[in-house]
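Coordinates as given in start-v2.csv (CSV, C-alpha atoms):
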```
chain,number,residue,atom,x,y,z
A,91,MET,CA,-27.1,0.4,-27.0
A,92,ASP,CA,-25.8,-2.3,-24.7
A,93,GLN,CA,-22.5,-0.9,-23.4
A,94,ALA,CA,-20.8,-4.2,-23.6
A,95,ARG,CA,-21.3,-4.3,-27.4
A,96,ASP,CA,-20.9,-0.5,-28.0
A,97,PRO,CA,-17.9,-0.2,-30.4
A,98,ALA,CA,-17.0,3.1,-28.8
A,99,MET,CA,-16.9,1.7,-25.2
A,100,LEU,CA,-13.1,1.6,-24.9
A,101,ALA,CA,-12.6,4.9,-26.8
A,102,ARG,CA,-14.2,6.7,-23.9
A,103,GLY,CA,-11.1,6.1,-21.9
A,104,LEU,CA,-8.9,8.1,-24.2
A,105,GLY,CA,-7.8,11.5,-22.8
A,106,ALA,CA,-7.8,10.2,-19.3
A,107,PHE,CA,-4.3,8.8,-19.4
A,108,VAL,CA,-0.9,9.4,-20.9
A,109,PRO,CA,-0.1,7.0,-23.8
A,110,MET,CA,3.3,5.4,-23.9
A,111,PRO,CA,5.8,7.8,-25.6
A,112,SER,CA,6.4,6.4,-29.1
A,113,ASP,CA,10.1,6.1,-28.6
A,114,ILE,CA,9.6,3.4,-25.9
A,115,ALA,CA,6.2,2.0,-26.8
A,116,ALA,CA,5.9,-1.5,-28.2
A,117,TYR,CA,3.2,-1.6,-30.7
A,118,GLU,CA,2.7,-5.4,-30.9
A,119,VAL,CA,-0.8,-6.3,-29.6
A,120,ASP,CA,-3.5,-6.9,-32.2
A,121,ALA,CA,-7.2,-6.4,-31.7
A,122,MET,CA,-7.9,-10.1,-30.9
A,123,ALA,CA,-5.2,-10.3,-28.2
A,124,GLY,CA,-6.2,-6.9,-26.9
A,125,ALA,CA,-9.8,-8.0,-26.6
A,126,ALA,CA,-8.7,-11.0,-24.5
A,127,ILE,CA,-6.6,-8.8,-22.2
A,128,LEU,CA,-9.5,-6.4,-21.6
A,129,GLY,CA,-12.5,-8.6,-21.7
A,130,ALA,CA,-13.8,-6.6,-24.6
A,131,THR,CA,-14.6,-7.3,-28.3
A,132,PRO,CA,-12.0,-7.0,-31.1
A,133,LYS,CA,-14.2,-4.3,-32.7
A,134,GLN,CA,-14.0,-2.2,-29.6
A,135,VAL,CA,-10.2,-2.5,-29.6
A,136,GLU,CA,-10.0,-1.7,-33.3
A,137,ALA,CA,-12.1,1.4,-32.7
A,138,LEU,CA,-9.3,2.8,-30.5
A,139,ALA,CA,-7.2,3.3,-33.7
A,140,ASP,CA,-9.7,5.6,-35.3
A,141,ALA,CA,-10.2,7.4,-32.0
A,142,GLY,CA,-6.6,8.3,-31.9
A,143,LEU,CA,-4.8,5.8,-29.7
A,144,PRO,CA,-1.2,5.5,-31.0
A,145,HIS,CA,-0.6,2.4,-33.0
A,146,VAL,CA,1.0,1.0,-36.1
A,147,ALA,CA,-0.9,-0.4,-39.0
A,148,ASP,CA,0.0,-4.0,-40.0
A,149,THR,CA,-1.3,-5.2,-43.3
A,150,ASP,CA,-2.0,-8.7,-42.0
A,151,ARG,CA,-2.9,-8.1,-38.4
A,152,GLY,CA,-4.6,-4.7,-38.5
A,153,PRO,CA,-3.8,-2.0,-35.9
A,154,LEU,CA,-1.2,-3.0,-33.3
A,155,PHE,CA,-1.2,-1.3,-29.9
A,156,ASP,CA,1.0,-1.0,-26.9
A,157,ALA,CA,-0.2,-3.3,-24.1
A,158,ALA,CA,-0.1,-0.6,-21.4
A,159,ASP,CA,-2.1,1.8,-23.6
A,160,LEU,CA,-4.8,-0.8,-24.1
A,161,ILE,CA,-5.0,-1.6,-20.4
A,162,ASN,CA,-5.3,2.1,-19.6
A,163,ALA,CA,-8.1,2.6,-22.2
A,164,GLY,CA,-10.0,-0.2,-20.5
A,165,TRP,CA,-9.1,1.1,-17.0
A,166,HIS,CA,-10.5,4.6,-17.8
A,167,CYS,CA,-13.5,3.8,-20.1
A,168,GLY,CA,-16.1,3.9,-17.4
A,169,SER,CA,-17.9,0.7,-18.3
A,170,GLY,CA,-17.2,-1.0,-14.9
A,171,ARG,CA,-16.9,-4.3,-16.8
A,172,THR,CA,-13.4,-4.4,-18.4
A,173,VAL,CA,-10.8,-6.6,-16.7
A,174,PRO,CA,-8.6,-3.5,-15.8
A,175,GLU,CA,-11.6,-1.8,-14.2
A,176,LEU,CA,-12.4,-4.9,-12.2
A,177,PHE,CA,-8.8,-5.3,-11.1
A,178,ARG,CA,-8.6,-1.7,-9.9
A,179,ARG,CA,-11.9,-1.9,-8.0
A,180,TYR,CA,-11.2,-5.3,-6.4
A,181,MET,CA,-7.6,-4.4,-5.6
A,182,THR,CA,-8.7,-1.5,-3.3
A,183,LEU,CA,-11.7,-3.0,-1.6
A,184,PHE,CA,-9.7,-4.0,1.4
A,185,VAL,CA,-8.9,-0.4,2.4
A,186,GLN,CA,-12.6,0.0,3.2
A,187,GLU,CA,-12.6,-2.9,5.6
A,188,PRO,CA,-12.7,-2.3,9.4
A,189,PRO,CA,-9.2,-1.3,10.7
A,190,HIS,CA,-8.7,-4.4,12.8
A,191,ARG,CA,-8.7,-6.4,9.5
A,192,TRP,CA,-5.7,-4.5,8.2
A,193,PHE,CA,-3.4,-5.5,11.1
A,194,ALA,CA,-4.4,-8.8,12.6
A,195,THR,CA,-2.4,-11.8,11.4
A,196,ALA,CA,-3.7,-13.1,8.1
A,197,ARG,CA,-2.6,-16.4,6.5
A,198,TRP,CA,-2.0,-16.4,2.7
A,199,ARG,CA,-1.2,-19.0,0.2
A,200,LEU,CA,1.3,-17.9,-2.5
A,201,THR,CA,2.2,-19.7,-5.7
A,202,VAL,CA,5.4,-18.7,-7.5
A,203,GLY,CA,6.2,-20.1,-10.9
A,204,PRO,CA,9.4,-19.9,-13.0
A,205,LEU,CA,10.9,-16.4,-12.7
A,206,THR,CA,14.4,-17.2,-13.5
A,207,GLY,CA,15.4,-20.3,-15.6
A,208,THR,CA,12.9,-23.1,-15.6
A,209,ALA,CA,11.7,-23.2,-12.0
A,210,ALA,CA,10.8,-20.9,-9.2
A,211,PRO,CA,13.8,-19.3,-7.4
A,212,ALA,CA,15.1,-21.0,-4.3
A,213,GLN,CA,14.0,-18.2,-2.0
A,214,VAL,CA,11.3,-15.7,-2.7
A,215,VAL,CA,10.3,-14.5,0.7
A,216,GLU,CA,12.7,-13.4,3.3
A,217,PRO,CA,11.3,-13.5,6.9
A,218,CYS,CA,11.1,-10.0,8.2
A,219,ALA,CA,9.1,-7.9,10.6
A,220,GLY,CA,5.5,-9.0,10.3
A,221,VAL,CA,6.2,-11.9,7.9
A,222,ARG,CA,6.5,-15.6,8.9
A,223,VAL,CA,6.9,-18.4,6.4
A,224,VAL,CA,4.7,-21.2,7.7
A,225,SER,CA,5.5,-23.7,5.0
A,226,GLU,CA,7.3,-23.9,1.7
A,227,ASP,CA,7.2,-26.7,-0.9
A,228,MET,CA,8.1,-27.2,-4.6
A,229,VAL,CA,5.3,-28.7,-6.7
A,230,GLY,CA,6.6,-29.3,-10.2
A,231,ASP,CA,8.3,-26.0,-11.2
A,232,GLU,CA,6.2,-24.0,-8.7
A,233,ARG,CA,7.1,-22.9,-5.2
A,234,ARG,CA,4.1,-23.0,-2.9
A,235,LEU,CA,4.2,-21.1,0.3
A,236,VAL,CA,2.0,-20.4,3.2
A,237,VAL,CA,2.8,-17.1,5.0
A,238,ASP,CA,1.5,-15.3,8.0
A,239,VAL,CA,1.5,-11.5,7.6
A,240,THR,CA,0.8,-9.2,10.5
A,241,GLY,CA,0.3,-5.5,10.2
A,242,GLU,CA,1.1,-2.7,12.5
A,243,PRO,CA,-0.2,0.9,12.8
A,244,SER,CA,2.1,3.8,11.9
A,245,ALA,CA,4.3,5.4,14.6
A,246,LEU,CA,6.0,7.8,12.1
A,247,THR,CA,5.6,11.4,13.0
A,248,ASP,CA,8.6,13.0,11.2
A,249,PRO,CA,7.4,16.4,9.9
A,250,SER,CA,10.0,16.7,7.2
A,251,VAL,CA,9.2,13.3,5.8
A,252,ARG,CA,5.5,14.1,6.1
A,253,ALA,CA,6.0,17.3,4.0
A,254,VAL,CA,7.7,15.4,1.2
A,255,TRP,CA,5.0,12.7,1.4
A,256,GLU,CA,2.2,15.3,1.0
A,257,GLU,CA,4.0,17.0,-1.8
A,258,VAL,CA,4.1,13.7,-3.8
A,259,LEU,CA,0.5,12.9,-3.1
A,260,ASP,CA,-0.5,16.4,-4.1
A,261,GLY,CA,0.8,15.4,-7.6
A,262,PHE,CA,-2.3,13.2,-7.8
A,263,ALA,CA,-4.7,15.5,-6.0
A,264,SER,CA,-3.8,18.4,-8.2
A,265,GLY,CA,-4.4,16.4,-11.4
A,266,ALA,CA,-0.8,16.8,-12.5
A,267,VAL,CA,-0.3,13.1,-12.4
A,268,ALA,CA,-2.7,10.2,-13.0
A,269,PHE,CA,-2.5,6.7,-11.7
A,270,GLN,CA,-2.3,4.4,-14.7
A,271,ARG,CA,-0.5,1.4,-16.0
A,272,VAL,CA,3.0,2.4,-16.8
A,273,GLY,CA,5.0,0.2,-19.2
A,274,GLU,CA,8.1,-1.4,-17.9
A,275,ARG,CA,10.3,0.5,-20.2
A,276,PHE,CA,8.9,3.7,-18.6
A,277,HIS,CA,10.0,2.5,-15.2
A,278,ALA,CA,13.6,3.0,-16.3
A,279,ASP,CA,12.9,6.7,-16.5
A,280,HIS,CA,10.5,7.4,-13.6
A,281,ARG,CA,11.2,11.1,-13.7
A,282,ARG,CA,10.1,11.4,-17.3
A,283,ALA,CA,6.9,9.4,-16.5
A,284,TRP,CA,6.1,11.6,-13.6
A,285,ALA,CA,6.8,14.8,-15.6
A,286,LEU,CA,4.5,13.6,-18.3
A,287,GLY,CA,1.8,12.9,-15.7
A,288,ALA,CA,1.9,9.1,-15.7
A,289,ALA,CA,2.5,7.1,-12.4
A,290,ASP,CA,2.1,3.7,-11.0
A,291,CYS,CA,3.4,2.3,-7.7
A,292,PHE,CA,7.0,2.0,-9.2
A,293,VAL,CA,7.1,5.6,-10.5
A,294,THR,CA,5.5,7.1,-7.4
A,295,THR,CA,7.8,5.2,-5.0
A,296,MET,CA,10.9,6.2,-7.0
A,297,VAL,CA,9.8,9.9,-7.1
A,298,LEU,CA,9.3,9.8,-3.4
A,299,ALA,CA,12.7,8.3,-2.9
A,300,ASP,CA,14.3,11.0,-5.0
A,301,ARG,CA,12.6,13.8,-3.0
A,302,LEU,CA,13.5,12.2,0.3
A,303,ALA,CA,17.1,11.8,-0.8
A,304,ALA,CA,17.1,15.6,-1.5
A,305,ILE,CA,16.5,16.1,2.3
A,306,GLY,CA,19.0,13.5,3.2
A,307,ARG,CA,16.7,10.6,3.9
A,308,ARG,CA,17.1,7.2,2.3
A,309,LEU,CA,14.1,5.3,1.0
A,310,ARG,CA,14.8,1.7,0.0
A,311,PRO,CA,12.5,0.6,-2.8
A,312,ARG,CA,11.0,-2.8,-2.1
A,313,ARG,CA,9.3,-5.0,-4.7
A,314,GLY,CA,6.8,-7.7,-3.6
A,315,GLN,CA,3.2,-8.7,-3.7
A,316,LEU,CA,0.0,-7.0,-2.7
A,317,LEU,CA,-1.8,-10.2,-1.5
A,318,GLY,CA,-5.3,-11.2,-2.3
A,319,PHE,CA,-7.9,-12.2,-4.9
A,320,ALA,CA,-6.9,-9.2,-7.0
A,321,GLY,CA,-3.3,-9.4,-5.8
A,322,SER,CA,-0.5,-7.8,-7.9
A,323,VAL,CA,3.1,-7.1,-8.1
A,324,HIS,CA,3.7,-4.0,-6.0
A,325,MET,CA,6.4,-1.5,-5.1
A,326,TRP,CA,6.7,0.6,-1.9
A,327,GLY,CA,9.6,2.0,0.1
A,328,GLU,CA,11.2,1.4,3.4
A,329,LEU,CA,12.5,4.4,5.2
A,330,GLU,CA,15.3,4.1,7.7
A,331,VAL,CA,14.3,5.4,11.1
A,332,GLU,CA,16.0,5.6,14.4
A,333,GLY,CA,17.3,2.5,16.0
A,334,GLY,CA,17.8,0.7,12.7
A,335,ALA,CA,14.1,0.1,12.2
A,336,VAL,CA,12.3,0.7,9.0
A,337,ALA,CA,9.0,2.5,8.3
A,338,VAL,CA,7.0,1.4,5.2
A,339,LEU,CA,5.9,4.2,2.9
A,340,ASP,CA,3.4,3.2,0.3
A,341,PRO,CA,2.4,6.4,-1.5
A,342,LEU,CA,0.3,4.9,-4.4
A,343,ILE,CA,-2.0,2.9,-2.1
A,344,ALA,CA,-2.3,6.0,0.1
A,345,HIS,CA,-3.5,7.9,-2.9
A,346,LEU,CA,-6.0,5.2,-3.8
A,347,ALA,CA,-7.3,5.0,-0.2
A,348,ARG,CA,-7.9,8.8,-0.3
A,349,THR,CA,-9.7,8.6,-3.6
A,350,VAL,CA,-11.7,5.4,-3.6
A,351,ALA,CA,-15.4,5.7,-3.0
A,352,PRO,CA,-16.0,6.0,-0.1
A,353,PRO,CA,-12.5,7.2,0.8
A,354,SER,CA,-10.5,5.7,3.6
A,355,PRO,CA,-8.3,8.4,5.0
A,356,ASP,CA,-7.4,6.1,8.0
A,357,PHE,CA,-6.0,3.5,5.7
A,358,ALA,CA,-4.0,6.3,3.8
A,359,GLU,CA,-2.4,7.0,7.2
A,360,VAL,CA,-1.4,3.4,7.6
A,361,CYS,CA,0.5,3.8,4.4
A,362,PHE,CA,2.6,6.5,6.0
A,363,GLY,CA,4.9,4.4,8.2
A,364,GLY,CA,2.7,1.5,9.1
A,365,ARG,CA,2.2,-2.0,7.6
A,366,HIS,CA,-0.9,-3.9,6.6
A,367,ASN,CA,-1.4,-7.6,6.4
A,368,ARG,CA,-1.5,-7.8,2.6
A,369,LEU,CA,2.0,-6.5,1.9
A,370,LEU,CA,4.6,-9.1,1.3
A,371,PRO,CA,8.2,-8.1,0.5
A,372,MET,CA,9.8,-10.5,-1.8
A,373,THR,CA,13.4,-11.3,-2.7
A,374,VAL,CA,13.0,-11.7,-6.4
A,375,PRO,CA,16.1,-10.5,-8.2
A,376,ALA,CA,15.9,-7.0,-9.6
A,377,HIS,CA,16.5,-8.2,-13.1
A,378,VAL,CA,13.3,-10.3,-13.2
A,379,PRO,CA,10.7,-8.2,-15.1
A,380,THR,CA,7.6,-7.2,-13.3
A,381,SER,CA,5.5,-8.6,-16.1
A,382,LEU,CA,7.0,-12.0,-15.4
A,383,MET,CA,6.2,-11.7,-11.7
A,384,ALA,CA,2.7,-10.7,-12.6
A,385,ARG,CA,2.3,-13.8,-14.7
A,386,HIS,CA,3.8,-16.3,-12.3
A,387,ILE,CA,2.7,-15.2,-8.8
A,388,ASN,CA,-0.7,-15.8,-7.4
A,389,SER,CA,-2.0,-15.5,-3.9
A,390,HIS,CA,-5.2,-16.0,-1.9
A,391,ALA,CA,-6.3,-15.9,1.6
A,392,VAL,CA,-6.2,-19.1,3.7
A,393,ALA,CA,-7.5,-17.4,6.9
A,394,ARG,CA,-8.3,-13.8,7.6
A,395,PRO,CA,-9.1,-12.1,10.9
B,466,MET,CA,-23.3,-27.1,-7.3
B,467,ASN,CA,-24.2,-26.9,-11.0
B,468,GLU,CA,-25.1,-23.3,-10.7
B,469,ALA,CA,-21.7,-22.3,-9.4
B,470,ARG,CA,-19.9,-24.5,-11.9
B,471,GLU,CA,-21.8,-22.9,-14.8
B,472,LEU,CA,-21.0,-19.4,-13.4
B,473,VAL,CA,-17.3,-20.2,-13.2
B,474,ARG,CA,-17.5,-21.7,-16.7
B,475,SER,CA,-19.0,-18.5,-18.0
B,476,ALA,CA,-15.9,-16.5,-16.8
B,477,LEU,CA,-13.4,-18.8,-18.6
B,478,ASP,CA,-11.8,-18.3,-22.0
B,479,ASP,CA,-11.9,-22.1,-22.4
B,480,PRO,CA,-14.9,-23.4,-20.5
B,481,GLY,CA,-13.9,-27.0,-21.2
B,482,MET,CA,-10.9,-26.7,-19.0
B,483,LEU,CA,-13.2,-26.8,-16.0
B,484,ASP,CA,-14.4,-30.4,-16.8
B,485,PRO,CA,-11.7,-32.2,-14.8
B,486,VAL,CA,-11.8,-29.7,-11.9
B,487,ALA,CA,-13.5,-30.9,-8.7
B,488,ASP,CA,-15.8,-28.7,-6.7
B,489,GLU,CA,-13.2,-28.2,-3.9
B,490,ASP,CA,-10.2,-27.8,-6.2
B,491,ASP,CA,-8.3,-24.5,-6.0
B,492,LEU,CA,-9.2,-22.6,-9.2
B,493,SER,CA,-5.8,-21.0,-9.5
B,494,ASP,CA,-4.0,-24.3,-9.1
B,495,ALA,CA,-6.3,-25.7,-11.8
B,496,GLY,CA,-5.1,-23.1,-14.2
B,497,VAL,CA,-7.7,-20.4,-14.0
B,498,ALA,CA,-6.0,-17.1,-14.9
B,499,SER,CA,-6.2,-14.0,-12.8
B,500,ALA,CA,-8.2,-12.2,-15.5
B,501,GLU,CA,-10.7,-15.0,-15.5
B,502,LEU,CA,-11.0,-14.8,-11.7
B,503,LEU,CA,-11.7,-11.1,-12.0
B,504,ARG,CA,-14.5,-11.9,-14.5
B,505,LEU,CA,-15.8,-14.5,-12.0
B,506,GLY,CA,-16.1,-11.8,-9.4
B,507,LEU,CA,-18.2,-9.7,-11.8
B,508,ALA,CA,-20.3,-12.8,-12.8
B,509,CYS,CA,-21.0,-13.3,-9.1
B,510,GLU,CA,-22.0,-9.7,-8.6
B,511,ASP,CA,-24.3,-9.9,-11.7
B,512,ARG,CA,-25.9,-13.0,-10.2
B,513,LEU,CA,-26.3,-11.5,-6.7
B,514,GLY,CA,-27.4,-8.1,-8.0
B,515,ARG,CA,-24.9,-6.4,-5.6
B,516,ALA,CA,-21.2,-5.6,-5.2
B,517,ILE,CA,-19.2,-8.1,-3.3
B,518,THR,CA,-16.9,-7.3,-0.4
B,519,ALA,CA,-13.2,-7.9,0.0
B,520,ASP,CA,-13.9,-10.7,2.4
B,521,GLU,CA,-16.2,-12.4,-0.1
B,522,LEU,CA,-13.6,-12.0,-2.9
B,523,ASP,CA,-10.9,-13.6,-0.7
B,524,ARG,CA,-13.1,-16.7,-0.3
B,525,LEU,CA,-13.7,-17.2,-4.0
B,526,VAL,CA,-11.1,-19.9,-4.4
B,527,SER,CA,-13.2,-22.9,-5.7
B,528,ILE,CA,-16.5,-23.8,-7.3
B,529,ALA,CA,-17.7,-24.9,-3.8
B,530,ALA,CA,-16.8,-21.5,-2.5
B,531,VAL,CA,-18.8,-19.8,-5.2
B,532,GLN,CA,-21.8,-21.9,-4.4
B,533,VAL,CA,-21.5,-20.9,-0.7
B,534,LEU,CA,-21.5,-17.2,-1.8
B,535,LEU,CA,-24.6,-17.7,-3.9
B,536,ASP,CA,-26.4,-19.7,-1.3
B,537,GLY,CA,-25.5,-17.2,1.4
B,538,ASP,CA,-27.6,-14.4,-0.2
B,539,ARG,CA,-30.6,-16.6,-0.4
B,540,GLY,CA,-30.8,-17.2,3.3
B,541,PRO,CA,-31.9,-20.5,5.0
B,542,GLN,CA,-33.5,-23.0,2.6
B,543,PRO,CA,-37.0,-24.2,3.5
```
For this file, write the structure as structure tokens.
Amino acid sequence: MDQARDPAMLARGLGAFVPMPSDIAAYEVDAMAGAAILGATPKQVEALADAGLPHVADTDRGPLFDAADLINAGWHCGSGRTVPELFRRYMTLFVQEPPHRWFATARWRLTVGPLTGTAAPAQVVEPCAGVRVVSEDMVGDERRLVVDVTGEPSALTDPSVRAVWEEVLDGFASGAVAFQRVGERFHADHRRAWALGAADCFVTTMVLADRLAAIGRRLRPRRGQLLGFAGSVHMWGELEVEGGAVAVLDPLIAHLARTVAPPSPDFAEVCFGGRHNRLLPMTVPAHVPTSLMARHINSHAVARP
Amino acid sequence: MNEARELVRSALDDPGMLDPVADEDDLSDAGVASAELLRLGLACEDRLGRAITADELDRLVSIAAVQVLLDGDRGPQP
């Protein structure tokens, strides 16, 4: 049977991820909306209920699912054609590019819609090491920026930080934790998510921060944008190092670089203290939900090295 | 350019929204959603019969850019 029409297509993803715990899940997405999110058919989404994906039954709308669970089902179903699978594959393509493309100055166009109130915030990008705002304009309720981002290889060699780093990445390598979509309510309890085996960039960065704090090192979580065609809201950490400088630690992308096919161990090393030219720290207030950022921020390349 | 326009249209939830969009217009600015752009990437791969690269993805910002990608794989025209 044509996989795209196989009613069981999405159900093949079950068992490969941790569903949202029922106490914090929001079962509100019906089959029609789920199909639109995933690029699947409503029948394929409905089949997830019979296959055991947690849901509530609504007499009018049919089974209602948690949005993160649906995305994870699509992500792990193995069809190669759902929107979450495309997102994951396209998001990590750049780690397989030649190293000079990770560091040379790249120019990006960024569009930021209303995140607070009715228009884009007054400031969304704070100039910092490797980031230069070239232009910034308001068009309607959107802020449109052109930014230059320059990367830098890692110079971090601290063995105690390295040990903690490898310990966190081993959570993935050992199979104890899986990279998956983690609902925003789960972010509020990153230790629980990690203990249950569910991690995204937020959870992984916060767990790394906890473990570095235990050895007396401070990791400042930073939220911003992973720039590009399949750009997304992203979180990583900034480690204070000697001389007041900071070293970027991006454990989730390091994990993906080690496991993408073919793997890119060199890029994984960039994530341990270096910066690449797709990472844009943003100054969006902490209370702005990630989902809102994901909906209202887009980026694409203007010029790449 | 019709080939690229039809390919972009095939990736949209509402194909009619492409009617007022010019070939050089930025698709994101025109209201094409990120999920639709991802499906456009897949549609291009299906048409080309191969996976596309990060660099090619980064260039898929307009109908004209899609046509350049499609033409590029065909080599020089006679």
* To do: Find the residues near stretch 478-491 of chain B: any atom within 10 Å, counting all atoms listed in the file, skip ones fewer than 2 places away on the same chain, and give them as a list of chain:residue names.
  => A:Ala126, A:Gly129, A:His390, B:Met466, B:Asn467, B:Ala469, B:Arg470, B:Glu471, B:Val473, B:Arg474, B:Ser475, B:Ala476, B:Ser493, B:Asp494, B:Ala495, B:Gly496, B:Val497, B:Ala498, B:Ala500, B:Glu501, B:Leu525, B:Val526, B:Ser527, B:Ile528, B:Ala529, B:Ala530, B:Val531, B:Gln532
Based on the selection just made, write C-alpha atoms of those residues as a PDB file, keeping the file's coordinate frame.
```
ATOM      1  CA  ALA A 126      -8.700 -11.000 -24.500  1.00  0.00           C
ATOM      2  CA  GLY A 129     -12.500  -8.600 -21.700  1.00  0.00           C
ATOM      3  CA  HIS A 390      -5.200 -16.000  -1.900  1.00  0.00           C
TER       4      HIS A 390
ATOM      5  CA  MET B 466     -23.300 -27.100  -7.300  1.00  0.00           C
ATOM      6  CA  ASN B 467     -24.200 -26.900 -11.000  1.00  0.00           C
ATOM      7  CA  ALA B 469     -21.700 -22.300  -9.400  1.00  0.00           C
ATOM      8  CA  ARG B 470     -19.900 -24.500 -11.900  1.00  0.00           C
ATOM      9  CA  GLU B 471     -21.800 -22.900 -14.800  1.00  0.00           C
ATOM     10  CA  VAL B 473     -17.300 -20.200 -13.200  1.00  0.00           C
ATOM     11  CA  ARG B 474     -17.500 -21.700 -16.700  1.00  0.00           C
ATOM     12  CA  SER B 475     -19.000 -18.500 -18.000  1.00  0.00           C
ATOM     13  CA  ALA B 476     -15.900 -16.500 -16.800  1.00  0.00           C
ATOM     14  CA  SER B 493      -5.800 -21.000  -9.500  1.00  0.00           C
ATOM     15  CA  ASP B 494      -4.000 -24.300  -9.100  1.00  0.00           C
ATOM     16  CA  ALA B 495      -6.300 -25.700 -11.800  1.00  0.00           C
ATOM     17  CA  GLY B 496      -5.100 -23.100 -14.200  1.00  0.00           C
ATOM     18  CA  VAL B 497      -7.700 -20.400 -14.000  1.00  0.00           C
ATOM     19  CA  ALA B 498      -6.000 -17.100 -14.900  1.00  0.00           C
ATOM     20  CA  ALA B 500      -8.200 -12.200 -15.500  1.00  0.00           C
ATOM     21  CA  GLU B 501     -10.700 -15.000 -15.500  1.00  0.00           C
ATOM     22  CA  LEU B 525     -13.700 -17.200  -4.000  1.00  0.00           C
ATOM     23  CA  VAL B 526     -11.100 -19.900  -4.400  1.00  0.00           C
ATOM     24  CA  SER B 527     -13.200 -22.900  -5.700  1.00  0.00           C
ATOM     25  CA  ILE B 528     -16.500 -23.800  -7.300  1.00  0.00           C
ATOM     26  CA  ALA B 529     -17.700 -24.900  -3.800  1.00  0.00           C
ATOM     27  CA  ALA B 530     -16.800 -21.500  -2.500  1.00  0.00           C
ATOM     28  CA  VAL B 531     -18.800 -19.800  -5.200  1.00  0.00           C
ATOM     29  CA  GLN B 532     -21.800 -21.900  -4.400  1.00  0.00           C
TER      30      GLN B 532
END
```
* Straight-line distance linking atom CA of A:Arg252 with atom CA of A:Phe362, stated in Å to one decimal ->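 Atom-to-atom, atom CA of A:Arg252 and atom CA of A:Phe362 are spaced 8.1 Å apart.
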* Asked: Using only C-alpha atoms, which chain A residues lie at most 9 Å away from chain B, written as JSON, numbers by chain?
  -> {"A": [126, 127, 128, 129, 171, 172, 173, 174, 176, 177, 180, 181, 182, 183, 184, 185, 186, 187, 201, 318, 319, 320, 321, 385, 388, 389, 390, 391, 392, 394]}
Selection export as an mmCIF file, in the coordinates of the input, atoms kept: C-alpha atoms:
```cif
data_model
loop_
_atom_site.group_PDB
_atom_site.id
_atom_site.type_symbol
_atom_site.label_atom_id
_atom_site.label_comp_id
_atom_site.auth_asym_id
_atom_site.auth_seq_id
_atom_site.Cartn_x
_atom_site.Cartn_y
_atom_site.Cartn_z
ATOM 1 C CA ALA A 126 -8.700 -11.000 -24.500
ATOM 2 C CA ILE A 127 -6.600 -8.800 -22.200
ATOM 3 C CA LEU A 128 -9.500 -6.400 -21.600
ATOM 4 C CA GLY A 129 -12.500 -8.600 -21.700
ATOM 5 C CA ARG A 171 -16.900 -4.300 -16.800
ATOM 6 C CA THR A 172 -13.400 -4.400 -18.400
ATOM 7 C CA VAL A 173 -10.800 -6.600 -16.700
ATOM 8 C CA PRO A 174 -8.600 -3.500 -15.800
ATOM 9 C CA LEU A 176 -12.400 -4.900 -12.200
ATOM 10 C CA PHE A 177 -8.800 -5.300 -11.100
ATOM 11 C CA TYR A 180 -11.200 -5.300 -6.400
ATOM 12 C CA MET A 181 -7.600 -4.400 -5.600
ATOM 13 C CA THR A 182 -8.700 -1.500 -3.300
ATOM 14 C CA LEU A 183 -11.700 -3.000 -1.600
ATOM 15 C CA PHE A 184 -9.700 -4.000 1.400
ATOM 16 C CA VAL A 185 -8.900 -0.400 2.400
ATOM 17 C CA GLN A 186 -12.600 0.000 3.200
ATOM 18 C CA GLU A 187 -12.600 -2.900 5.600
ATOM 19 C CA THR A 201 2.200 -19.700 -5.700
ATOM 20 C CA GLY A 318 -5.300 -11.200 -2.300
ATOM 21 C CA PHE A 319 -7.900 -12.200 -4.900
ATOM 22 C CA ALA A 320 -6.900 -9.200 -7.000
ATOM 23 C CA GLY A 321 -3.300 -9.400 -5.800
ATOM 24 C CA ARG A 385 2.300 -13.800 -14.700
ATOM 25 C CA ASN A 388 -0.700 -15.800 -7.400
ATOM 26 C CA SER A 389 -2.000 -15.500 -3.900
ATOM 27 C CA HIS A 390 -5.200 -16.000 -1.900
ATOM 28 C CA ALA A 391 -6.300 -15.900 1.600
ATOM 29 C CA VAL A 392 -6.200 -19.100 3.700
ATOM 30 C CA ARG A 394 -8.300 -13.800 7.600
#
```
* Straight-line distance linking atom CA of A:Ala304 with atom CA of A:Ser264, stated in Å to one decimal ->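 We find that atom CA of A:Ala304 and atom CA of A:Ser264 lie 22.1 Å from each other.
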* To do: For atom CA of A:Ala288 and atom CA of A:Ala266, determine how far apart the two atoms are, in Å to one decimal place.
  =>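 Distance between the two atoms: 8.8 Å.
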* Would you mind listing what lies within 8 Å of A:His145 as an MDAnalysis selection string, with all atoms listed in the file counted and same-chain residues fewer than 4 positions away left out? => chainID A and resid 117 139 153:156
* **Selected residue of minimal separation from A:Ala299 among A:Gly327, A:Gly220, A:Pro379, A:Pro188, counting all atoms listed in the file** =>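 Checking each of A:Gly327, A:Gly220, A:Pro379, A:Pro188 against A:Ala299, counting all atoms listed in the file, the winner is A:Gly327.
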* **For A:Val239, the nearest of the candidates A:Thr349, A:Val223, A:Glu328, A:Leu339, counting only C-alpha atoms** =>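 Closest to A:Val239, using only C-alpha atoms: A:Val223.
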* Pick from A:Gly142, A:Pro189, A:Gly273, A:Gly314 nearest to A:Glu359, counting all atoms listed in the file ->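 The closest residue to A:Glu359 is A:Pro189.
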* To do: List the neighbours of A:Gln315 out to 12 Å using only C-alpha atoms; skip same-chain residues closer than 6 positions along the sequence, and give me the result as a PyMOL selection string.
  => chain A and resi 181+198-202+214-215+239+291+321-326+367-374+380+383-384+386-390
